[in-house]
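Listing of model-v6.csv, CSV, C-alpha atoms
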```csv
chain,number,residue,atom,x,y,z
A,157,MET,CA,22.8,-44.6,-8.5
A,158,SER,CA,19.2,-43.9,-7.9
A,159,LEU,CA,18.2,-42.4,-4.5
A,160,GLN,CA,15.7,-44.3,-2.5
A,161,LEU,CA,12.7,-42.0,-1.8
A,162,HIS,CA,9.9,-42.8,0.6
A,163,VAL,CA,6.3,-42.3,-0.7
A,164,SER,CA,3.2,-42.6,1.6
A,165,SER,CA,-0.2,-42.8,0.0
A,166,GLN,CA,-3.7,-42.3,1.5
A,167,GLY,CA,-7.2,-41.5,0.5
A,168,SER,CA,-9.1,-42.3,-2.7
A,169,GLY,CA,-9.9,-40.5,-5.9
A,170,PRO,CA,-7.7,-38.8,-8.6
A,171,ASP,CA,-4.0,-38.9,-7.8
A,172,MET,CA,-2.3,-35.9,-6.1
A,173,VAL,CA,1.4,-35.7,-5.4
A,174,LEU,CA,2.8,-33.5,-2.6
A,175,VAL,CA,6.5,-32.4,-2.6
A,176,HIS,CA,7.9,-30.6,0.4
A,177,GLY,CA,10.5,-27.8,0.5
A,178,TRP,CA,14.1,-27.4,1.7
A,179,GLY,CA,14.9,-28.8,5.1
A,180,MET,CA,11.5,-30.2,5.7
A,181,HIS,CA,9.7,-33.6,5.1
A,182,SER,CA,6.3,-34.8,4.0
A,183,GLY,CA,4.9,-34.4,7.6
A,184,ILE,CA,4.8,-30.7,6.9
A,185,TRP,CA,1.6,-31.3,4.9
A,186,GLN,CA,-0.3,-32.9,7.9
A,187,THR,CA,-2.4,-29.8,8.4
A,188,VAL,CA,-4.1,-30.3,5.0
A,189,VAL,CA,-3.7,-33.9,4.0
A,190,LYS,CA,-6.8,-35.0,5.9
A,191,GLN,CA,-9.0,-32.7,3.9
A,192,LEU,CA,-7.2,-33.4,0.6
A,193,GLN,CA,-7.5,-37.2,0.9
A,194,GLU,CA,-11.3,-36.9,1.1
A,195,HIS,CA,-11.4,-36.4,-2.7
A,196,HIS,CA,-7.9,-37.5,-3.8
A,197,ARG,CA,-5.4,-40.3,-3.5
A,198,VAL,CA,-2.6,-38.3,-1.9
A,199,HIS,CA,1.0,-39.3,-2.3
A,200,CYS,CA,3.5,-37.6,0.0
A,201,VAL,CA,7.1,-37.7,-1.0
A,202,ASP,CA,10.2,-37.4,1.2
A,203,LEU,CA,13.1,-35.9,-0.7
A,204,PRO,CA,16.6,-37.5,-0.3
A,205,GLY,CA,17.9,-37.5,3.2
A,206,HIS,CA,14.7,-36.0,4.5
A,207,GLY,CA,12.0,-37.7,6.6
A,208,ALA,CA,11.7,-41.4,5.9
A,209,SER,CA,13.8,-41.4,2.8
A,210,THR,CA,17.0,-43.5,3.0
A,211,ARG,CA,20.0,-41.7,4.3
A,212,ASP,CA,23.0,-43.1,2.5
A,213,GLY,CA,25.8,-41.8,4.6
A,214,GLU,CA,26.7,-38.3,3.5
A,215,GLN,CA,25.6,-38.8,-0.1
A,216,GLU,CA,24.9,-35.6,-1.9
A,217,PHE,CA,22.6,-35.3,-4.9
A,218,ALA,CA,22.1,-33.1,-8.0
A,219,LEU,CA,19.0,-32.3,-10.0
A,220,PRO,CA,19.2,-35.0,-12.7
A,221,GLU,CA,19.4,-37.9,-10.2
A,222,LEU,CA,16.8,-36.3,-7.9
A,223,LEU,CA,14.4,-36.0,-10.8
A,224,GLU,CA,15.1,-39.6,-12.0
A,225,SER,CA,14.6,-41.0,-8.4
A,226,LEU,CA,11.5,-39.0,-7.9
A,227,VAL,CA,9.9,-40.3,-11.1
A,228,VAL,CA,10.9,-43.9,-10.3
A,229,ALA,CA,9.4,-43.6,-6.8
A,230,VAL,CA,6.1,-42.0,-7.7
A,231,ARG,CA,5.3,-43.5,-11.1
A,232,PRO,CA,4.2,-47.0,-9.7
A,233,ALA,CA,1.8,-45.3,-7.3
A,234,LEU,CA,-0.1,-43.4,-9.9
A,235,ALA,CA,-3.1,-44.6,-11.9
A,236,GLY,CA,-2.6,-41.8,-14.4
A,237,PRO,CA,-1.4,-38.2,-14.6
A,238,ALA,CA,-1.7,-36.5,-11.2
A,239,CYS,CA,-2.2,-33.0,-9.8
A,240,TRP,CA,1.3,-32.2,-8.4
A,241,VAL,CA,1.5,-29.7,-5.5
A,242,GLY,CA,5.0,-28.5,-4.7
A,243,TRP,CA,6.0,-26.1,-1.9
A,244,SER,CA,9.0,-23.7,-2.3
A,245,LEU,CA,11.9,-25.9,-3.6
A,246,GLY,CA,9.4,-28.7,-4.0
A,247,GLY,CA,7.4,-26.4,-6.4
A,248,MET,CA,10.4,-25.9,-8.6
A,249,ILE,CA,11.1,-29.6,-8.6
A,250,ALA,CA,7.4,-30.3,-9.5
A,251,ALA,CA,7.6,-27.8,-12.3
A,252,HIS,CA,10.7,-29.6,-13.6
A,253,VAL,CA,8.8,-32.9,-13.6
A,254,ALA,CA,5.9,-31.3,-15.5
A,255,GLU,CA,8.2,-30.1,-18.2
A,256,ARG,CA,10.3,-33.3,-18.5
A,257,HIS,CA,7.6,-35.9,-17.7
A,258,PRO,CA,4.3,-34.4,-18.9
A,259,GLU,CA,2.7,-37.9,-18.9
A,260,LEU,CA,2.8,-37.9,-15.1
A,261,VAL,CA,1.4,-34.4,-14.5
A,262,ARG,CA,-2.2,-33.3,-15.2
A,263,LYS,CA,-2.0,-30.0,-13.4
A,264,LEU,CA,0.7,-28.2,-11.4
A,265,VAL,CA,0.3,-26.2,-8.2
A,266,MET,CA,3.4,-24.2,-7.1
A,267,VAL,CA,3.1,-23.0,-3.5
A,268,ALA,CA,5.4,-20.1,-2.4
A,269,ALA,CA,7.6,-21.1,-5.3
A,270,SER,CA,9.3,-19.3,-8.2
A,271,LEU,CA,11.2,-20.3,-11.3
A,272,ARG,CA,14.4,-18.9,-9.8
A,273,PHE,CA,14.8,-18.7,-6.1
A,274,SER,CA,18.0,-16.7,-5.9
A,275,ARG,CA,18.4,-13.1,-7.0
A,276,HIS,CA,20.1,-12.2,-10.2
A,277,SER,CA,20.8,-9.1,-12.2
A,278,ASP,CA,17.8,-9.9,-14.5
A,279,TRP,CA,15.7,-11.4,-11.7
A,280,PRO,CA,15.3,-9.0,-8.7
A,281,HIS,CA,12.5,-11.1,-7.2
A,282,GLY,CA,14.8,-13.7,-5.7
A,283,VAL,CA,16.5,-14.1,-2.3
A,284,ALA,CA,19.8,-12.3,-2.0
A,285,THR,CA,22.8,-14.5,-2.7
A,286,ASP,CA,24.5,-13.6,0.5
A,287,VAL,CA,21.5,-14.8,2.5
A,288,LEU,CA,21.7,-18.3,0.8
A,289,GLU,CA,25.5,-18.3,1.3
A,290,GLY,CA,24.9,-17.5,4.9
A,291,PHE,CA,22.6,-20.5,5.3
A,292,ALA,CA,25.3,-22.7,3.7
A,293,ALA,CA,28.0,-21.5,6.0
A,294,GLU,CA,25.8,-21.8,9.1
A,295,LEU,CA,24.9,-25.4,8.2
A,296,HIS,CA,28.5,-26.5,8.8
A,297,ALA,CA,28.4,-25.0,12.3
A,298,ASP,CA,24.9,-25.9,13.5
A,299,HIS,CA,22.4,-27.1,11.0
A,300,ASN,CA,19.6,-27.4,13.7
A,301,ALA,CA,20.0,-23.6,14.5
A,302,THR,CA,20.0,-22.9,10.7
A,303,LEU,CA,16.7,-24.8,10.3
A,304,GLN,CA,15.2,-22.9,13.2
A,305,ARG,CA,16.2,-19.6,11.6
A,306,PHE,CA,14.7,-20.7,8.3
A,307,LEU,CA,11.4,-21.7,10.0
A,308,ALA,CA,11.2,-18.3,11.6
A,309,LEU,CA,11.7,-16.6,8.2
A,310,GLN,CA,8.6,-18.4,6.9
A,311,VAL,CA,6.1,-16.8,9.3
A,312,GLN,CA,7.4,-13.2,9.4
A,313,GLY,CA,4.6,-10.7,8.9
A,314,GLU,CA,1.7,-13.0,9.9
A,315,LYS,CA,-0.6,-11.9,12.7
A,316,ALA,CA,-0.4,-15.3,14.3
A,317,ALA,CA,3.3,-15.8,13.5
A,318,HIS,CA,4.1,-17.4,16.9
A,319,ALA,CA,1.3,-19.9,16.6
A,320,THR,CA,2.3,-20.8,13.0
A,321,LEU,CA,6.0,-21.1,14.0
A,322,ARG,CA,5.1,-23.4,16.9
A,323,GLN,CA,3.1,-25.6,14.6
A,324,LEU,CA,5.9,-25.7,12.0
A,325,LYS,CA,8.4,-26.7,14.6
A,326,GLN,CA,6.2,-29.5,15.9
A,327,GLN,CA,5.7,-30.9,12.4
A,328,VAL,CA,9.2,-30.5,11.2
A,329,LEU,CA,11.2,-31.5,14.4
A,330,ALA,CA,9.0,-34.5,15.2
A,331,ILE,CA,11.2,-36.5,12.8
A,332,ASP,CA,15.0,-36.7,12.6
A,333,GLU,CA,16.7,-33.8,11.1
A,334,PRO,CA,17.7,-34.0,7.4
A,335,SER,CA,21.3,-35.1,6.8
A,336,GLU,CA,23.7,-32.2,6.4
A,337,ALA,CA,24.6,-33.5,2.9
A,338,ALA,CA,21.0,-33.4,1.9
A,339,LEU,CA,20.6,-29.8,3.2
A,340,GLN,CA,23.7,-28.7,1.4
A,341,SER,CA,22.5,-30.3,-1.8
A,342,GLY,CA,19.1,-28.6,-1.5
A,343,LEU,CA,20.8,-25.2,-0.9
A,344,VAL,CA,22.8,-25.7,-4.1
A,345,LEU,CA,19.6,-26.3,-6.0
A,346,LEU,CA,18.0,-23.1,-4.5
A,347,GLN,CA,21.1,-21.1,-5.5
A,348,GLU,CA,21.5,-22.5,-9.0
A,349,MET,CA,18.1,-23.7,-10.4
A,350,ASP,CA,16.7,-21.4,-13.1
A,351,LEU,CA,13.6,-22.8,-14.8
A,352,ARG,CA,12.6,-19.6,-16.6
A,353,ALA,CA,13.7,-20.8,-20.0
A,354,ASP,CA,11.8,-24.1,-19.6
A,355,ALA,CA,8.5,-22.6,-18.3
A,356,GLY,CA,7.1,-22.1,-21.8
A,357,SER,CA,7.4,-25.8,-22.4
A,358,VAL,CA,5.0,-26.7,-19.6
A,359,VAL,CA,1.7,-27.5,-21.3
A,360,GLN,CA,-0.3,-28.2,-18.1
A,361,PRO,CA,-2.4,-25.6,-16.3
A,362,VAL,CA,-0.5,-24.0,-13.5
A,363,LEU,CA,-1.7,-22.4,-10.3
A,364,LEU,CA,0.7,-20.2,-8.3
A,365,ILE,CA,-0.3,-19.8,-4.6
A,366,GLY,CA,1.6,-17.1,-2.6
A,367,GLY,CA,1.4,-15.7,0.9
A,368,GLU,CA,0.7,-12.1,1.4
A,369,HIS,CA,3.6,-11.7,3.8
A,370,ASP,CA,6.0,-14.1,2.2
A,371,ARG,CA,9.6,-12.9,2.8
A,372,LEU,CA,11.2,-15.5,0.6
A,373,VAL,CA,9.1,-15.6,-2.5
A,374,SER,CA,7.5,-12.2,-2.9
A,375,PRO,CA,3.8,-12.3,-4.0
A,376,GLN,CA,4.7,-9.3,-6.2
A,377,ALA,CA,6.8,-11.6,-8.3
A,378,LEU,CA,3.9,-14.1,-9.1
A,379,PRO,CA,2.5,-12.2,-12.1
A,380,ARG,CA,5.9,-12.2,-13.7
A,381,VAL,CA,6.3,-16.0,-13.0
A,382,SER,CA,2.8,-16.6,-14.3
A,383,SER,CA,3.6,-14.8,-17.5
A,384,LEU,CA,6.4,-17.2,-18.3
A,385,PHE,CA,4.0,-20.2,-18.4
A,386,ARG,CA,1.6,-20.9,-21.2
A,387,ASN,CA,-1.4,-21.3,-18.9
A,388,ALA,CA,-1.0,-20.0,-15.4
A,389,ARG,CA,-2.7,-17.8,-12.8
A,390,ALA,CA,-1.8,-16.6,-9.4
A,391,GLU,CA,-3.7,-16.5,-6.1
A,392,VAL,CA,-2.4,-14.7,-3.0
A,393,ILE,CA,-3.6,-15.9,0.5
A,394,SER,CA,-4.1,-13.0,2.9
A,395,ASP,CA,-2.3,-13.1,6.3
A,396,ALA,CA,0.0,-15.9,5.2
A,397,GLY,CA,3.7,-16.2,4.9
A,398,HIS,CA,5.9,-18.8,3.2
A,399,ALA,CA,3.8,-21.7,4.4
A,400,PRO,CA,0.2,-20.7,3.6
A,401,PHE,CA,-1.1,-24.3,4.0
A,402,VAL,CA,0.0,-24.2,7.7
A,403,SER,CA,-1.3,-20.7,8.6
A,404,GLN,CA,-4.4,-20.7,6.3
A,405,PRO,CA,-5.2,-24.4,5.6
A,406,ASP,CA,-8.9,-24.0,4.8
A,407,LYS,CA,-8.3,-21.3,2.2
A,408,PHE,CA,-5.4,-23.3,0.8
A,409,VAL,CA,-7.4,-26.5,0.4
A,410,GLN,CA,-10.2,-24.6,-1.2
A,411,LEU,CA,-7.9,-23.2,-3.9
A,412,VAL,CA,-6.2,-26.5,-4.6
A,413,GLU,CA,-9.4,-28.5,-4.7
A,414,THR,CA,-11.1,-26.1,-7.0
A,415,PHE,CA,-8.2,-25.9,-9.4
A,416,CYS,CA,-7.5,-29.7,-9.4
A,417,ARG,CA,-11.2,-30.4,-9.9
A,418,ASP,CA,-11.7,-28.1,-12.8
A,419,VAL,CA,-11.5,-29.8,-16.2
```
Rewrite the structure of this file - the entire thing - as structure tokens.
Amino acid sequence: MSLQLHVSSQGSGPDMVLVHGWGMHSGIWQTVVKQLQEHHRVHCVDLPGHGASTRDGEQEFALPELLESLVVAVRPALAGPACWVGWSLGGMIAAHVAERHPELVRKLVMVAASLRFSRHSDWPHGVATDVLEGFAAELHADHNATLQRFLALQVQGEKAAHATLRQLKQQVLAIDEPSEAALQSGLVLLQEMDLRADAGSVVQPVLLIGGEHDRLVSPQALPRVSSLFRNARAEVISDAGHAPFVSQPDKFVQLVETFCRDV
């Protein structure tokens, strides 16, 4: 059964799709949407159980049905292939869409995202498995506290970490928390998704945007990620963590606008 995903659209111009990360919702983009919609028709997606997307009890989801539901939700809103911008888990999902549904994707921007989020013997760039397992265990006890911890990880190393964290909390916690089932399903994706073998099949231009102080997706890993695509390049935003569009919105918008505008 398809999941019912909420999509909000604003602005005018070429289509742009924004996909948020684990535990968040489309409101996380509010810092940059106003600027992006000046030149694009921006479509913000809420993943299952997040934001305004339907919560069907404790329904869990896996990647195939998530991908199908995302395509079903977004396709009617698009006038043609769009520039997809995905953050963290959302970047991995957007890359999967680019590979499986190239007719919907003109260009791909992966923000603080990798092709494999968890660490492996042949992928030292990922997050340690015990960290992800710890998040999963803590969700059962108190998923609000787990989300708060995850938010704090995203700003470590920034000069204005407290201000960025405060803004993140305001944006994320302004809407009901994601369902526990949705959070657990997202964690499973972060633990298990491995897109390295599929990256070479992505024909669209790819821009990787990292944060200088990102503790979850190291900027040092981006050249390796870039090399697995046919046509990709990486940009690292100074004094930014895992959410560079929140801490450095102007620089982020400049990079995205230039990349999506180029023919």
What does the distance from atom CA of Ala238 of chain A to atom CA of Arg389 of chain A come to in Å, to one decimal?
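Value for the atom CA of Ala238 of chain A-atom CA of Arg389 of chain A distance: 18.8 Å.
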Can you work out the spacing between atom CA of Arg305 of chain A and atom CA of Val344 of chain A in Å, to one decimal?
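So the two atoms, atom CA of Arg305 of chain A and atom CA of Val344 of chain A, lie 18.1 Å apart.
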Counting all atoms listed in the file, which of A:Gly205, A:Glu348, A:Gly183, A:Val412 gets nearest to Val283 of chain A?
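Among the listed residues, A:Glu348 lies closest to Val283 of chain A.
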Write out as an mmCIF file with C-alpha atoms, keeping the file's coordinate frame each polymer residue whose atoms come within 10 Å of segment 373-384 of chain A, counting all atoms listed in the file; drop sequence neighbours fewer than 3 positions from it.
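File written: selection-v6.cif
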```
data_model
loop_
_atom_site.group_PDB
_atom_site.id
_atom_site.type_symbol
_atom_site.label_atom_id
_atom_site.label_comp_id
_atom_site.auth_asym_id
_atom_site.auth_seq_id
_atom_site.Cartn_x
_atom_site.Cartn_y
_atom_site.Cartn_z
ATOM 1 C CA SER A 244 9.000 -23.700 -2.300
ATOM 2 C CA VAL A 267 3.100 -23.000 -3.500
ATOM 3 C CA ALA A 268 5.400 -20.100 -2.400
ATOM 4 C CA ALA A 269 7.600 -21.100 -5.300
ATOM 5 C CA SER A 270 9.300 -19.300 -8.200
ATOM 6 C CA LEU A 271 11.200 -20.300 -11.300
ATOM 7 C CA ARG A 272 14.400 -18.900 -9.800
ATOM 8 C CA PHE A 273 14.800 -18.700 -6.100
ATOM 9 C CA SER A 274 18.000 -16.700 -5.900
ATOM 10 C CA TRP A 279 15.700 -11.400 -11.700
ATOM 11 C CA PRO A 280 15.300 -9.000 -8.700
ATOM 12 C CA HIS A 281 12.500 -11.100 -7.200
ATOM 13 C CA GLY A 282 14.800 -13.700 -5.700
ATOM 14 C CA VAL A 283 16.500 -14.100 -2.300
ATOM 15 C CA GLN A 310 8.600 -18.400 6.900
ATOM 16 C CA LEU A 351 13.600 -22.800 -14.800
ATOM 17 C CA ARG A 352 12.600 -19.600 -16.600
ATOM 18 C CA ALA A 353 13.700 -20.800 -20.000
ATOM 19 C CA ASP A 354 11.800 -24.100 -19.600
ATOM 20 C CA ALA A 355 8.500 -22.600 -18.300
ATOM 21 C CA GLY A 356 7.100 -22.100 -21.800
ATOM 22 C CA SER A 357 7.400 -25.800 -22.400
ATOM 23 C CA VAL A 358 5.000 -26.700 -19.600
ATOM 24 C CA VAL A 362 -0.500 -24.000 -13.500
ATOM 25 C CA LEU A 363 -1.700 -22.400 -10.300
ATOM 26 C CA LEU A 364 0.700 -20.200 -8.300
ATOM 27 C CA ILE A 365 -0.300 -19.800 -4.600
ATOM 28 C CA GLY A 366 1.600 -17.100 -2.600
ATOM 29 C CA GLY A 367 1.400 -15.700 0.900
ATOM 30 C CA GLU A 368 0.700 -12.100 1.400
ATOM 31 C CA HIS A 369 3.600 -11.700 3.800
ATOM 32 C CA ASP A 370 6.000 -14.100 2.200
ATOM 33 C CA ASN A 387 -1.400 -21.300 -18.900
ATOM 34 C CA ALA A 388 -1.000 -20.000 -15.400
ATOM 35 C CA ARG A 389 -2.700 -17.800 -12.800
ATOM 36 C CA ALA A 390 -1.800 -16.600 -9.400
ATOM 37 C CA GLU A 391 -3.700 -16.500 -6.100
ATOM 38 C CA VAL A 392 -2.400 -14.700 -3.000
ATOM 39 C CA ILE A 393 -3.600 -15.900 0.500
ATOM 40 C CA GLY A 397 3.700 -16.200 4.900
ATOM 41 C CA HIS A 398 5.900 -18.800 3.200
#
```
Which value, in Å to one decimal, gives the distance between atom CA of Arg262 of chain A and atom CA of Trp240 of chain A?
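Atom CA of Trp240 of chain A lies at a distance of 7.7 Å from atom CA of Arg262 of chain A.
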Segment 287-293 of chain A: which residues within 7 Å, counting all atoms listed in the file, same-chain residues fewer than 4 positions away excluded, as a list in words?
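Close residues of segment 287-293 of chain A: Val283, Thr302, Gln340, Leu343 and Gln347 of chain A.
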When you count all atoms listed in the file, which of these residues is closest to Lys263 of chain A: A:Gln160, A:Gln186, A:Ser168, A:Gln360?
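Distance minimum relative to Lys263 of chain A lands on A:Gln360.
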Show me, as a ChimeraX atom specification, the residues that have an atom within 9 Å of Gly242 of chain A when counting all atoms listed in the file, minus same-chain residues fewer than 2 positions from it.
/A:173-177,240,244-251,264-269
Selected residue, from A:Phe415, A:Val188, A:Leu161, A:Ser182, that lies nearest to Leu223 of chain A when counting only C-alpha atoms:
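Nearest to Leu223 of chain A: A:Leu161.
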Selection near Ala235 of chain A, 12 Å with all atoms listed in the file, sequence-local residues under 3 positions removed, as a PyMOL selection string:
chain A and resi 168-173+196-199+230-232+238-239+259-262
Env of His206 of chain A: 7 Å cut, atoms = all atoms listed in the file, seq-sep filter 2 positions within chain, self excluded. Answer as a ChimeraX atom specification.
/A:180-181,202-204,208-209,334
Just checking: using all atoms listed in the file, which residue out of A:Gly207, A:Glu221, A:Lys325, A:Lys315 ends up closest to Ser394 of chain A?
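Distance minimum relative to Ser394 of chain A lands on A:Lys315.
Of the residues listed (A:Ala338, A:Ala254, A:Leu219, A:Ala317), A:Ala317 shows the shortest atom-to-atom separation from Gln404 of chain A; distances use only C-alpha atoms.
Closest approach to Glu255 of chain A among A:Ala399, A:Val359, A:Val409, A:Ala284: A:Val359, based on only C-alpha atoms.
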